[in-house]
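K.L.:
Have a look at this one before I ask anything.
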Amino acid sequence: MLDTPISDFLGDQDLLKFSGDATVQEAAQAMADRHVGTVLVCEGDDLVGIITERDILERVVAQGNDPATTALKFVMTPDPVGITLDRSILAAVFSMRDQGTRHLVVKDGGKTAGILSVRDLLRSLVNQAMNDRKMVEDLWQGFPV
C-alpha cells in the first residue's frame with residue numbers, strides 16, 4: 001500500500017474552497033456540514049492558503065478571536081505544503097512527518113487535485129490490515145487442526 005501512487009489513492013474529491021475574506025465561522029460550518037477537516041483558501045483560481053480544524057482551535061478559539069468576525073486570510077496557513085499526484089503514499093507520509101503537518105495539498109500540474117490527510121492514510125492502513133487479517137483467517141480455515 002505504501003508504494004501506491006497518490007493518484008490511485010486519492011479518488012474524486014469535492015474540495016471545500018473559500019475566499020480569504022470569508023469568516024472562520026462560515027468555513028467551520030461548511031466543514032461540519034461536509035464532515036471534512038480542511039478548507040482551501042483561494043483568490044480566484046489561485047490557492048493562497050489552507051485552514052484546518054487545528055488552525056481554528058489554536059489560532060482562533062484558543063486566542064479568544066471571534067470566529068464570526070475573523071477572516072480566513074488572517075488565520076490560514078499561507079502557501080501550504082504540497083505533493084504531486086505521481087508521488088507515493090510513503091513519500092506523502094514522510095512529507096507530513098518532515099513538515100509537521102497533517103494535511104497535504106495534492107497537485108496535478110498547477111492545479112489542486114485534492115487534499116491528503118493523516119486521517120485518510122490511517123483509515124486506509126487499518127482497512128488494509130483488516131483485509132489482510134481476514135485473508136489469513138480464511139486461509140487458516142483450510143488447514144487441518
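We label chains A, B, ... in the order they appear in the C-alpha cells, count residues from 1 in each chain, and number ligands from 1 in the order shown.
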Find the residues near Ala113 of chain A: any atom within 8 Å, counting only C-alpha atoms, skip ones fewer than 4 places away on the same chain, and give them as a ChimeraX atom specification.

P.N.:
/A:13,85,105-108

K.L.:
For the helix (DSSP H, G or I) assignment from backbone DSSP, which residues of segment 11-111 of chain A qualify? Please present them as a PyMOL selection string.

P.N.:
chain A and resi 24-34+53-61+72-74+89-99

K.L.:
Using only C-alpha atoms, find the one residue out of A:Ala32, A:Leu15, A:Leu122, A:Ile6 that sits nearest to Ile83 of chain A.

P.N.:
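Checking each candidate against Ile83 of chain A, we get A:Ile6 as the closest.
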
K.L.:
Please identify all polymer residues within 12 Å of Val61 of chain A, counting only C-alpha atoms, omitting same-chain residues fewer than 5 positions from it, and present them as a ChimeraX atom specification.

P.N.:
/A:24-25,28,53-56,66-68,70,75

K.L.:
If we count only C-alpha atoms, what is near segment 126-143 of chain A at a cut-off of 12 Å, once residues fewer than 5 positions away on the same chain are taken out, given as a PDB file with N, CA and C atoms, in the first residue's frame?

P.N.:
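Result written to around_35.pdb:
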```
ATOM      1  N   MET A   1       0.810  -1.192   0.000  1.00  0.00           N
ATOM      2  CA  MET A   1       0.000   0.000   0.000  1.00  0.00           C
ATOM      3  C   MET A   1       0.853   1.254   0.000  1.00  0.00           C
ATOM      4  N   LEU A   2       1.965   1.248   0.712  1.00  0.00           N
ATOM      5  CA  LEU A   2       2.779   2.448   0.830  1.00  0.00           C
ATOM      6  C   LEU A   2       3.445   2.859  -0.476  1.00  0.00           C
ATOM      7  N   ARG A 119      -5.654  11.308   8.534  1.00  0.00           N
ATOM      8  CA  ARG A 119      -6.854  10.521   8.813  1.00  0.00           C
ATOM      9  C   ARG A 119      -7.153   9.583   7.646  1.00  0.00           C
ATOM     10  N   ASP A 120      -7.039  10.092   6.411  1.00  0.00           N
ATOM     11  CA  ASP A 120      -7.261   9.258   5.228  1.00  0.00           C
ATOM     12  C   ASP A 120      -6.267   8.104   5.188  1.00  0.00           C
ATOM     13  N   LEU A 121      -5.006   8.417   5.467  1.00  0.00           N
ATOM     14  CA  LEU A 121      -3.959   7.391   5.431  1.00  0.00           C
ATOM     15  C   LEU A 121      -4.193   6.332   6.502  1.00  0.00           C
TER      16      LEU A 121
END
```

K.L.:
Tell me which protein, DNA and RNA residues are within 8 Å of Leu104 of chain A, counting only C-alpha atoms, leaving out same-chain ones fewer than 2 positions away, and put them as a compact mmCIF listing (two decimals) with C-alpha atoms, in the first residue's frame.

P.N.:
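Result file follows (selection07.txt):
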```txt
# COMPACT_ATOMS: atom_id res chain seq x y z
CA PRO A 80 0.52 25.11 2.17
CA VAL A 81 2.78 22.09 1.81
CA GLY A 82 2.01 20.10 -1.29
CA ILE A 83 2.85 16.92 -3.12
CA ALA A 92 3.38 11.64 1.49
CA MET A 96 3.84 15.09 6.52
CA THR A 101 1.61 18.76 9.04
CA ARG A 102 -1.46 16.54 8.96
CA VAL A 106 -2.13 17.29 -3.83
CA ILE A 115 -6.20 17.01 -0.01
CA LEU A 116 -4.46 14.05 1.58
CA SER A 117 -4.86 13.80 5.34
```

K.L.:
If you measure from atom CA of Pro78 of chain A to atom CA of Val36 of chain A, what distance in Å do you get, rounded to one decimal?

P.N.:
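Atom-to-atom, atom CA of Pro78 of chain A to atom CA of Val36 of chain A, that is 19.3 Å.
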
K.L.:
Quick one: of A:Glu26, A:Asp21, A:Asp86, A:Asp14, who's nearest to Lys73 of chain A, counting only C-alpha atoms?

P.N.:
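Result for the nearest residue to Lys73 of chain A: A:Asp21.
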
K.L.:
Out of segment 21-53 of chain A, which residues get strand (DSSP E) from DSSP, as a ChimeraX atom specification?

P.N.:
/A:38-43,46-52

K.L.:
Next, dump the selected residues to file, keeping only N, CA and C atoms, as a compact mmCIF listing (two decimals), in the first residue's frame.

P.N.:
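So the final result, stored in part.txt, reads:
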```
# COMPACT_ATOMS: atom_id res chain seq x y z
N THR A 38 -10.65 20.34 6.44
CA THR A 38 -9.80 21.29 5.76
C THR A 38 -10.60 22.16 4.79
N VAL A 39 -10.22 23.42 4.72
CA VAL A 39 -10.76 24.35 3.73
C VAL A 39 -9.58 24.94 2.96
N LEU A 40 -9.71 24.98 1.65
CA LEU A 40 -8.73 25.67 0.82
C LEU A 40 -9.13 27.13 0.73
N VAL A 41 -8.17 28.00 0.90
CA VAL A 41 -8.42 29.43 0.78
C VAL A 41 -7.89 29.86 -0.58
N CYS A 42 -8.79 30.39 -1.40
CA CYS A 42 -8.44 30.72 -2.78
C CYS A 42 -8.78 32.17 -3.08
N GLU A 43 -8.00 32.74 -3.95
CA GLU A 43 -8.31 34.04 -4.54
C GLU A 43 -8.45 33.78 -6.03
N ASP A 46 -6.58 30.74 -7.76
CA ASP A 46 -5.28 30.52 -7.12
C ASP A 46 -5.41 30.12 -5.65
N LEU A 47 -4.75 29.03 -5.29
CA LEU A 47 -4.70 28.59 -3.90
C LEU A 47 -3.72 29.50 -3.16
N VAL A 48 -4.19 30.14 -2.10
CA VAL A 48 -3.31 31.04 -1.34
C VAL A 48 -3.07 30.54 0.09
N GLY A 49 -3.90 29.59 0.54
CA GLY A 49 -3.72 29.09 1.90
C GLY A 49 -4.63 27.93 2.20
N ILE A 50 -4.51 27.45 3.42
CA ILE A 50 -5.31 26.33 3.89
C ILE A 50 -5.65 26.61 5.35
N ILE A 51 -6.80 26.16 5.77
CA ILE A 51 -7.16 26.24 7.19
C ILE A 51 -7.74 24.90 7.59
N THR A 52 -7.30 24.42 8.75
CA THR A 52 -7.72 23.12 9.25
C THR A 52 -8.43 23.29 10.59
```

K.L.:
Smallest atom-to-atom distance to Thr77 of chain A: which of A:Gly20, A:Ala62, A:His35, A:Asp98, using only C-alpha atoms?

P.N.:
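Between A:Gly20, A:Ala62, A:His35, A:Asp98, the residue approaching Thr77 of chain A most closely is A:Gly20.
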
K.L.:
So what do you get for atom CA of Phe74 of chain A versus atom CA of Leu57 of chain A, distance-wise?

P.N.:
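Pair atom CA of Phe74 of chain A / atom CA of Leu57 of chain A returns 13.9 Å.
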
K.L.:
Separation of atom CA of His103 of chain A and atom CA of Val118 of chain A, in Å?

P.N.:
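Taking atom CA of His103 of chain A and atom CA of Val118 of chain A, their separation equals 6.5 Å.
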